Amino acid sequence: MVGCSRFVGMYEIDGVPLTPKQLKKFAPPVFSDLKQERQHRKQRLVGALRIFGAMGFGEGVAGHITARDPEYTDHFWVNPFAMSFKRVRISDLLLVNHSGDVVIGELPVNRAAFVLHSAIHQRRPEVIAAAHAHSPYGKAFSSLGKQLDPITQDACSFYKQHQLISIDGGRVVLEAESANCFADNFLAGKAAIHQNHGLFTVGETIDSAAFWFIAMERCCQAQLLAEAAGTPKLIRDEWASYTSQQIGNELAGWYGFQSFWEEIITTDIDMFD
């Protein structure tokens, strides 16, 4: 056998026996120290924002990702108002309470980021992070007033796990009453399409919330392309449901983010300042 040699009844390559190996753990980290967990969340939040910037999701003052603080769980970290996703550093992050007060940081917070995300975080204690941006395909798809169809394997990640919310669709959400109505219609699932506005995603980690947004944006793009070319064939319910269970779970969302993370920590070292 080319490249292999027999050694005491086994094969090996370059001195490594071809036997099953103990693999490194590949899963979300578990913390016993709140300071370490806070630092981890802030790092991932900045990384997610940089990735959104690299993917062209930034648009003026629009767009924000929030991360619940692990100790003060009624507070969340968020990017500053009007700062480019591509420039945000850990030292720029703001800590905001549910009243909208900036308690750590010197820059203002986006009012729309506060009211919408605060309402979601208040109603869903399992949500660690929430993401929203005015991404081009998400905006375009939101104008259609419908949910994503199961036309691809990737789209099945969202099958029966996302909402269409038409309340105040297209109206800038600045008042708590409007934000509460939105959040009351987003009590379950990983994503929402706010009609005439765009996409919202949530997760039990920053990683999953960010990945679901990226994935949903691309699914919107795929459906728009498919419908422009013809009438897409839908994946049958039992297959779509099965696929959703396999690739649409929380851990799958965390896994999906890791390749983006590995790239951004190589190209954007200054984000940790």
# chains A, B, ... in the order shown; residues from 1 in each chain; ligands from 1
>>> select_by_dssp(residues="segment 68-266 of chain A", states="strand (DSSP E)", output="MDAnalysis selection string")
chainID A and resid 68 75:78 94:97 102:104 129:133 162:165 191:194 198:203
>>> write_last_selection(atoms="N, CA and C atoms", output="PDB file, in the first residue's frame")
ATOM      1  N   ARG A  68     -26.611  39.669  26.118  1.00  0.00           N
ATOM      2  CA  ARG A  68     -26.979  39.788  27.524  1.00  0.00           C
ATOM      3  C   ARG A  68     -25.735  39.636  28.405  1.00  0.00           C
ATOM      4  N   HIS A  75     -29.196  43.689  31.717  1.00  0.00           N
ATOM      5  CA  HIS A  75     -28.368  44.618  30.958  1.00  0.00           C
ATOM      6  C   HIS A  75     -27.821  43.890  29.725  1.00  0.00           C
ATOM      7  N   PHE A  76     -27.586  44.636  28.653  1.00  0.00           N
ATOM      8  CA  PHE A  76     -26.981  43.997  27.491  1.00  0.00           C
ATOM      9  C   PHE A  76     -25.941  44.897  26.838  1.00  0.00           C
ATOM     10  N   TRP A  77     -24.947  44.248  26.233  1.00  0.00           N
ATOM     11  CA  TRP A  77     -23.878  44.926  25.501  1.00  0.00           C
ATOM     12  C   TRP A  77     -24.314  45.137  24.057  1.00  0.00           C
ATOM     13  N   VAL A  78     -23.958  46.287  23.499  1.00  0.00           N
ATOM     14  CA  VAL A  78     -24.405  46.618  22.142  1.00  0.00           C
ATOM     15  C   VAL A  78     -23.398  47.559  21.494  1.00  0.00           C
ATOM     16  N   LEU A  94     -21.050  49.316  24.413  1.00  0.00           N
ATOM     17  CA  LEU A  94     -21.844  49.974  25.446  1.00  0.00           C
ATOM     18  C   LEU A  94     -22.589  48.917  26.257  1.00  0.00           C
ATOM     19  N   LEU A  95     -22.752  49.181  27.541  1.00  0.00           N
ATOM     20  CA  LEU A  95     -23.631  48.364  28.377  1.00  0.00           C
ATOM     21  C   LEU A  95     -24.863  49.203  28.681  1.00  0.00           C
ATOM     22  N   VAL A  96     -26.018  48.664  28.325  1.00  0.00           N
ATOM     23  CA  VAL A  96     -27.274  49.400  28.421  1.00  0.00           C
ATOM     24  C   VAL A  96     -28.236  48.621  29.304  1.00  0.00           C
ATOM     25  N   ASN A  97     -28.993  49.337  30.156  1.00  0.00           N
ATOM     26  CA  ASN A  97     -30.012  48.658  30.958  1.00  0.00           C
ATOM     27  C   ASN A  97     -31.349  48.692  30.238  1.00  0.00           C
ATOM     28  N   VAL A 102     -27.246  54.199  29.158  1.00  0.00           N
ATOM     29  CA  VAL A 102     -25.899  53.679  28.948  1.00  0.00           C
ATOM     30  C   VAL A 102     -25.174  53.742  30.286  1.00  0.00           C
ATOM     31  N   VAL A 103     -24.833  52.595  30.841  1.00  0.00           N
ATOM     32  CA  VAL A 103     -24.187  52.554  32.158  1.00  0.00           C
ATOM     33  C   VAL A 103     -22.682  52.300  32.053  1.00  0.00           C
ATOM     34  N   ILE A 104     -22.224  51.819  30.911  1.00  0.00           N
ATOM     35  CA  ILE A 104     -20.792  51.733  30.610  1.00  0.00           C
ATOM     36  C   ILE A 104     -20.617  52.181  29.167  1.00  0.00           C
ATOM     37  N   ALA A 129     -28.395  36.521  22.762  1.00  0.00           N
ATOM     38  CA  ALA A 129     -28.040  37.526  21.752  1.00  0.00           C
ATOM     39  C   ALA A 129     -29.146  37.677  20.725  1.00  0.00           C
ATOM     40  N   ALA A 130     -29.249  38.897  20.200  1.00  0.00           N
ATOM     41  CA  ALA A 130     -30.209  39.198  19.141  1.00  0.00           C
ATOM     42  C   ALA A 130     -29.512  40.051  18.092  1.00  0.00           C
ATOM     43  N   ALA A 131     -29.807  39.782  16.829  1.00  0.00           N
ATOM     44  CA  ALA A 131     -29.124  40.472  15.734  1.00  0.00           C
ATOM     45  C   ALA A 131     -30.134  41.053  14.744  1.00  0.00           C
ATOM     46  N   HIS A 132     -29.815  42.233  14.254  1.00  0.00           N
ATOM     47  CA  HIS A 132     -30.638  42.867  13.222  1.00  0.00           C
ATOM     48  C   HIS A 132     -29.753  43.774  12.387  1.00  0.00           C
ATOM     49  N   ALA A 133     -29.969  43.775  11.097  1.00  0.00           N
ATOM     50  CA  ALA A 133     -29.263  44.695  10.201  1.00  0.00           C
ATOM     51  C   ALA A 133     -30.130  44.911   8.967  1.00  0.00           C
ATOM     52  N   HIS A 162     -39.492  30.304  12.299  1.00  0.00           N
ATOM     53  CA  HIS A 162     -39.417  31.751  12.167  1.00  0.00           C
ATOM     54  C   HIS A 162     -40.804  32.344  11.975  1.00  0.00           C
ATOM     55  N   GLN A 163     -40.907  33.633  12.277  1.00  0.00           N
ATOM     56  CA  GLN A 163     -42.192  34.328  12.252  1.00  0.00           C
ATOM     57  C   GLN A 163     -42.187  35.425  11.193  1.00  0.00           C
ATOM     58  N   LEU A 164     -43.380  35.715  10.650  1.00  0.00           N
ATOM     59  CA  LEU A 164     -43.589  36.928   9.870  1.00  0.00           C
ATOM     60  C   LEU A 164     -44.366  37.882  10.769  1.00  0.00           C
ATOM     61  N   ILE A 165     -43.805  39.065  10.996  1.00  0.00           N
ATOM     62  CA  ILE A 165     -44.438  40.057  11.863  1.00  0.00           C
ATOM     63  C   ILE A 165     -44.738  41.293  11.020  1.00  0.00           C
ATOM     64  N   ALA A 191     -35.908  33.241  14.467  1.00  0.00           N
ATOM     65  CA  ALA A 191     -35.836  34.375  13.548  1.00  0.00           C
ATOM     66  C   ALA A 191     -37.217  34.963  13.294  1.00  0.00           C
ATOM     67  N   ALA A 192     -37.187  36.215  12.871  1.00  0.00           N
ATOM     68  CA  ALA A 192     -38.418  36.908  12.489  1.00  0.00           C
ATOM     69  C   ALA A 192     -38.141  37.759  11.263  1.00  0.00           C
ATOM     70  N   ILE A 193     -39.126  37.817  10.392  1.00  0.00           N
ATOM     71  CA  ILE A 193     -39.100  38.736   9.260  1.00  0.00           C
ATOM     72  C   ILE A 193     -40.066  39.864   9.605  1.00  0.00           C
ATOM     73  N   HIS A 194     -39.537  41.064   9.822  1.00  0.00           N
ATOM     74  CA  HIS A 194     -40.396  42.212  10.100  1.00  0.00           C
ATOM     75  C   HIS A 194     -40.739  42.854   8.767  1.00  0.00           C
ATOM     76  N   GLY A 198     -36.940  44.139   7.735  1.00  0.00           N
ATOM     77  CA  GLY A 198     -35.785  43.278   7.591  1.00  0.00           C
ATOM     78  C   GLY A 198     -35.816  42.097   8.531  1.00  0.00           C
ATOM     79  N   LEU A 199     -34.654  41.530   8.799  1.00  0.00           N
ATOM     80  CA  LEU A 199     -34.531  40.278   9.537  1.00  0.00           C
ATOM     81  C   LEU A 199     -34.070  40.505  10.972  1.00  0.00           C
ATOM     82  N   PHE A 200     -34.575  39.659  11.870  1.00  0.00           N
ATOM     83  CA  PHE A 200     -34.121  39.591  13.253  1.00  0.00           C
ATOM     84  C   PHE A 200     -33.831  38.135  13.570  1.00  0.00           C
ATOM     85  N   THR A 201     -32.720  37.884  14.245  1.00  0.00           N
ATOM     86  CA  THR A 201     -32.421  36.518  14.677  1.00  0.00           C
ATOM     87  C   THR A 201     -31.978  36.543  16.132  1.00  0.00           C
ATOM     88  N   VAL A 202     -32.199  35.423  16.826  1.00  0.00           N
ATOM     89  CA  VAL A 202     -31.813  35.311  18.226  1.00  0.00           C
ATOM     90  C   VAL A 202     -31.127  33.971  18.438  1.00  0.00           C
ATOM     91  N   GLY A 203     -30.384  33.885  19.559  1.00  0.00           N
ATOM     92  CA  GLY A 203     -29.719  32.628  19.868  1.00  0.00           C
ATOM     93  C   GLY A 203     -29.331  32.551  21.326  1.00  0.00           C
TER      94      GLY A 203
END
>>> residues_around(residues="segment 20-27 of chain A", least_positions_apart="6", cutoff="9 Å", atoms="only C-alpha atoms", output="list in words")
Leu251, Trp254 and Tyr255 of chain A
>>> write_last_selection(atoms="all heavy atoms", output="PDB file, in the first residue's frame")
ATOM      1  N   LEU A 251     -27.064  24.111  18.566  1.00  0.00           N
ATOM      2  CA  LEU A 251     -25.663  23.725  18.430  1.00  0.00           C
ATOM      3  C   LEU A 251     -25.189  23.869  16.985  1.00  0.00           C
ATOM      4  O   LEU A 251     -24.060  24.292  16.732  1.00  0.00           O
ATOM      5  CB  LEU A 251     -25.458  22.294  18.918  1.00  0.00           C
ATOM      6  CG  LEU A 251     -24.009  21.800  18.993  1.00  0.00           C
ATOM      7  CD1 LEU A 251     -23.182  22.696  19.909  1.00  0.00           C
ATOM      8  CD2 LEU A 251     -23.968  20.353  19.478  1.00  0.00           C
ATOM      9  N   TRP A 254     -24.250  27.373  16.407  1.00  0.00           N
ATOM     10  CA  TRP A 254     -22.940  27.686  16.985  1.00  0.00           C
ATOM     11  C   TRP A 254     -21.828  27.167  16.081  1.00  0.00           C
ATOM     12  O   TRP A 254     -20.857  27.873  15.806  1.00  0.00           O
ATOM     13  CB  TRP A 254     -22.827  27.075  18.382  1.00  0.00           C
ATOM     14  CG  TRP A 254     -21.547  27.409  19.082  1.00  0.00           C
ATOM     15  CD1 TRP A 254     -21.303  28.500  19.868  1.00  0.00           C
ATOM     16  CD2 TRP A 254     -20.316  26.653  19.047  1.00  0.00           C
ATOM     17  NE1 TRP A 254     -20.001  28.470  20.329  1.00  0.00           N
ATOM     18  CE2 TRP A 254     -19.375  27.354  19.843  1.00  0.00           C
ATOM     19  CE3 TRP A 254     -19.934  25.462  18.436  1.00  0.00           C
ATOM     20  CZ2 TRP A 254     -18.074  26.889  20.032  1.00  0.00           C
ATOM     21  CZ3 TRP A 254     -18.635  25.004  18.607  1.00  0.00           C
ATOM     22  CH2 TRP A 254     -17.720  25.725  19.403  1.00  0.00           C
ATOM     23  N   TYR A 255     -21.967  25.925  15.615  1.00  0.00           N
ATOM     24  CA  TYR A 255     -20.965  25.353  14.708  1.00  0.00           C
ATOM     25  C   TYR A 255     -20.806  26.220  13.448  1.00  0.00           C
ATOM     26  O   TYR A 255     -19.691  26.467  12.983  1.00  0.00           O
ATOM     27  CB  TYR A 255     -21.375  23.946  14.276  1.00  0.00           C
ATOM     28  CG  TYR A 255     -21.198  22.869  15.313  1.00  0.00           C
ATOM     29  CD1 TYR A 255     -22.107  21.807  15.394  1.00  0.00           C
ATOM     30  CD2 TYR A 255     -20.136  22.882  16.211  1.00  0.00           C
ATOM     31  CE1 TYR A 255     -21.959  20.798  16.344  1.00  0.00           C
ATOM     32  CE2 TYR A 255     -19.980  21.888  17.159  1.00  0.00           C
ATOM     33  CZ  TYR A 255     -20.893  20.853  17.221  1.00  0.00           C
ATOM     34  OH  TYR A 255     -20.750  19.859  18.161  1.00  0.00           O
TER      35      TYR A 255
END
>>> atom_distance(atom1="atom CA of Leu224 of chain A", atom2="atom CA of Ala112 of chain A")
27.4 Å
>>> select_by_dssp(residues="segment 30-260 of chain A", states="alpha helix (DSSP H)", output="ChimeraX atom specification")
/A:34-54,111-123,136-142,176-184,206-229,237-247,250-260
>>> atom_distance(atom1="atom CA of Trp261 of chain A", atom2="atom CA of Arg50 of chain A")
9.7 Å
>>> atom_distance(atom1="atom CA of Glu175 of chain A", atom2="atom CA of Val115 of chain A")
6.9 Å
>>> closest_residue(among="A:Cys156, A:Leu45, A:Ala82, A:Leu148", to="Gly60 of chain A", atoms="only C-alpha atoms")
A:Ala82
>>> closest_residue(among="A:Ile128, A:Ala54, A:Val109, A:Ala252", to="Phe211 of chain A", atoms="only C-alpha atoms")
A:Ala252
>>> closest_residue(among="A:Ala183, A:Met271, A:Ile13, A:Ala240", to="Tyr159 of chain A", atoms="only C-alpha atoms")
A:Ala240
>>> residues_around(residues="His98 of chain A", least_positions_apart="2", cutoff="8 Å", atoms="only C-alpha atoms", output="ChimeraX atom specification")
/A:74-75,96,100-101,114,118
>>> decode(residues="segment 27-61 of chain A", atoms="N, CA and C atoms", output="PDB file, in the first residue's frame")
ATOM      1  N   ALA A  27     -17.278  22.380  21.125  1.00  0.00           N
ATOM      2  CA  ALA A  27     -18.603  22.739  21.625  1.00  0.00           C
ATOM      3  C   ALA A  27     -18.515  24.101  22.298  1.00  0.00           C
ATOM      4  N   PRO A  28     -19.647  24.752  22.522  1.00  0.00           N
ATOM      5  CA  PRO A  28     -19.612  26.049  23.210  1.00  0.00           C
ATOM      6  C   PRO A  28     -18.953  25.921  24.578  1.00  0.00           C
ATOM      7  N   PRO A  29     -18.111  26.872  24.953  1.00  0.00           N
ATOM      8  CA  PRO A  29     -17.420  26.788  26.248  1.00  0.00           C
ATOM      9  C   PRO A  29     -18.393  26.988  27.405  1.00  0.00           C
ATOM     10  N   VAL A  30     -18.054  26.380  28.536  1.00  0.00           N
ATOM     11  CA  VAL A  30     -18.818  26.549  29.769  1.00  0.00           C
ATOM     12  C   VAL A  30     -17.923  27.257  30.773  1.00  0.00           C
ATOM     13  N   PHE A  31     -18.450  28.291  31.417  1.00  0.00           N
ATOM     14  CA  PHE A  31     -17.642  29.125  32.302  1.00  0.00           C
ATOM     15  C   PHE A  31     -18.090  28.986  33.751  1.00  0.00           C
ATOM     16  N   SER A  32     -17.120  29.024  34.645  1.00  0.00           N
ATOM     17  CA  SER A  32     -17.401  29.078  36.077  1.00  0.00           C
ATOM     18  C   SER A  32     -17.104  30.463  36.634  1.00  0.00           C
ATOM     19  N   ASP A  33     -16.450  31.299  35.814  1.00  0.00           N
ATOM     20  CA  ASP A  33     -16.064  32.642  36.217  1.00  0.00           C
ATOM     21  C   ASP A  33     -16.831  33.665  35.368  1.00  0.00           C
ATOM     22  N   LEU A  34     -17.595  34.549  36.027  1.00  0.00           N
ATOM     23  CA  LEU A  34     -18.425  35.503  35.303  1.00  0.00           C
ATOM     24  C   LEU A  34     -17.602  36.509  34.505  1.00  0.00           C
ATOM     25  N   LYS A  35     -16.441  36.900  35.020  1.00  0.00           N
ATOM     26  CA  LYS A  35     -15.597  37.847  34.287  1.00  0.00           C
ATOM     27  C   LYS A  35     -15.095  37.241  32.989  1.00  0.00           C
ATOM     28  N   GLN A  36     -14.710  35.977  33.043  1.00  0.00           N
ATOM     29  CA  GLN A  36     -14.255  35.311  31.830  1.00  0.00           C
ATOM     30  C   GLN A  36     -15.399  35.164  30.829  1.00  0.00           C
ATOM     31  N   GLU A  37     -16.577  34.833  31.332  1.00  0.00           N
ATOM     32  CA  GLU A  37     -17.725  34.682  30.444  1.00  0.00           C
ATOM     33  C   GLU A  37     -18.094  36.018  29.809  1.00  0.00           C
ATOM     34  N   ARG A  38     -18.035  37.091  30.590  1.00  0.00           N
ATOM     35  CA  ARG A  38     -18.331  38.427  30.051  1.00  0.00           C
ATOM     36  C   ARG A  38     -17.333  38.790  28.954  1.00  0.00           C
ATOM     37  N   GLN A  39     -16.067  38.538  29.210  1.00  0.00           N
ATOM     38  CA  GLN A  39     -15.051  38.852  28.210  1.00  0.00           C
ATOM     39  C   GLN A  39     -15.259  38.030  26.941  1.00  0.00           C
ATOM     40  N   HIS A  40     -15.610  36.776  27.099  1.00  0.00           N
ATOM     41  CA  HIS A  40     -15.878  35.916  25.948  1.00  0.00           C
ATOM     42  C   HIS A  40     -17.038  36.473  25.125  1.00  0.00           C
ATOM     43  N   ARG A  41     -18.107  36.872  25.791  1.00  0.00           N
ATOM     44  CA  ARG A  41     -19.268  37.405  25.066  1.00  0.00           C
ATOM     45  C   ARG A  41     -18.920  38.702  24.352  1.00  0.00           C
ATOM     46  N   LYS A  42     -18.140  39.559  24.991  1.00  0.00           N
ATOM     47  CA  LYS A  42     -17.758  40.815  24.352  1.00  0.00           C
ATOM     48  C   LYS A  42     -16.873  40.560  23.138  1.00  0.00           C
ATOM     49  N   GLN A  43     -15.981  39.593  23.238  1.00  0.00           N
ATOM     50  CA  GLN A  43     -15.131  39.248  22.097  1.00  0.00           C
ATOM     51  C   GLN A  43     -15.972  38.725  20.941  1.00  0.00           C
ATOM     52  N   ARG A  44     -16.890  37.825  21.244  1.00  0.00           N
ATOM     53  CA  ARG A  44     -17.729  37.264  20.179  1.00  0.00           C
ATOM     54  C   ARG A  44     -18.655  38.322  19.583  1.00  0.00           C
ATOM     55  N   LEU A  45     -19.128  39.231  20.418  1.00  0.00           N
ATOM     56  CA  LEU A  45     -20.001  40.295  19.923  1.00  0.00           C
ATOM     57  C   LEU A  45     -19.248  41.181  18.938  1.00  0.00           C
ATOM     58  N   VAL A  46     -18.050  41.594  19.295  1.00  0.00           N
ATOM     59  CA  VAL A  46     -17.259  42.434  18.389  1.00  0.00           C
ATOM     60  C   VAL A  46     -16.916  41.661  17.111  1.00  0.00           C
ATOM     61  N   GLY A  47     -16.578  40.387  17.263  1.00  0.00           N
ATOM     62  CA  GLY A  47     -16.291  39.574  16.090  1.00  0.00           C
ATOM     63  C   GLY A  47     -17.485  39.476  15.160  1.00  0.00           C
ATOM     64  N   ALA A  48     -18.666  39.277  15.726  1.00  0.00           N
ATOM     65  CA  ALA A  48     -19.886  39.188  14.914  1.00  0.00           C
ATOM     66  C   ALA A  48     -20.155  40.506  14.192  1.00  0.00           C
ATOM     67  N   LEU A  49     -19.941  41.619  14.878  1.00  0.00           N
ATOM     68  CA  LEU A  49     -20.146  42.922  14.247  1.00  0.00           C
ATOM     69  C   LEU A  49     -19.161  43.129  13.096  1.00  0.00           C
ATOM     70  N   ARG A  50     -17.907  42.749  13.307  1.00  0.00           N
ATOM     71  CA  ARG A  50     -16.905  42.877  12.245  1.00  0.00           C
ATOM     72  C   ARG A  50     -17.279  42.004  11.039  1.00  0.00           C
ATOM     73  N   ILE A  51     -17.782  40.813  11.313  1.00  0.00           N
ATOM     74  CA  ILE A  51     -18.197  39.917  10.228  1.00  0.00           C
ATOM     75  C   ILE A  51     -19.362  40.529   9.458  1.00  0.00           C
ATOM     76  N   PHE A  52     -20.325  41.110  10.169  1.00  0.00           N
ATOM     77  CA  PHE A  52     -21.441  41.778   9.494  1.00  0.00           C
ATOM     78  C   PHE A  52     -20.915  42.908   8.599  1.00  0.00           C
ATOM     79  N   GLY A  53     -19.926  43.643   9.110  1.00  0.00           N
ATOM     80  CA  GLY A  53     -19.357  44.709   8.299  1.00  0.00           C
ATOM     81  C   GLY A  53     -18.674  44.178   7.060  1.00  0.00           C
ATOM     82  N   ALA A  54     -17.922  43.100   7.221  1.00  0.00           N
ATOM     83  CA  ALA A  54     -17.217  42.506   6.088  1.00  0.00           C
ATOM     84  C   ALA A  54     -18.184  41.985   5.033  1.00  0.00           C
ATOM     85  N   MET A  55     -19.387  41.578   5.474  1.00  0.00           N
ATOM     86  CA  MET A  55     -20.371  41.031   4.539  1.00  0.00           C
ATOM     87  C   MET A  55     -21.290  42.099   3.952  1.00  0.00           C
ATOM     88  N   GLY A  56     -21.029  43.353   4.296  1.00  0.00           N
ATOM     89  CA  GLY A  56     -21.789  44.450   3.709  1.00  0.00           C
ATOM     90  C   GLY A  56     -23.149  44.668   4.330  1.00  0.00           C
ATOM     91  N   PHE A  57     -23.322  44.278   5.585  1.00  0.00           N
ATOM     92  CA  PHE A  57     -24.617  44.450   6.250  1.00  0.00           C
ATOM     93  C   PHE A  57     -24.773  45.834   6.871  1.00  0.00           C
ATOM     94  N   GLY A  58     -23.684  46.591   6.968  1.00  0.00           N
ATOM     95  CA  GLY A  58     -23.775  47.917   7.565  1.00  0.00           C
ATOM     96  C   GLY A  58     -24.443  48.900   6.623  1.00  0.00           C
ATOM     97  N   GLU A  59     -25.234  49.804   7.199  1.00  0.00           N
ATOM     98  CA  GLU A  59     -25.886  50.833   6.383  1.00  0.00           C
ATOM     99  C   GLU A  59     -26.188  52.037   7.265  1.00  0.00           C
ATOM    100  N   GLY A  60     -25.282  53.001   7.261  1.00  0.00           N
ATOM    101  CA  GLY A  60     -25.491  54.192   8.082  1.00  0.00           C
ATOM    102  C   GLY A  60     -25.561  53.849   9.562  1.00  0.00           C
ATOM    103  N   VAL A  61     -26.639  54.303  10.205  1.00  0.00           N
ATOM    104  CA  VAL A  61     -26.804  54.058  11.647  1.00  0.00           C
ATOM    105  C   VAL A  61     -27.581  52.785  11.921  1.00  0.00           C
TER     106      VAL A  61
END
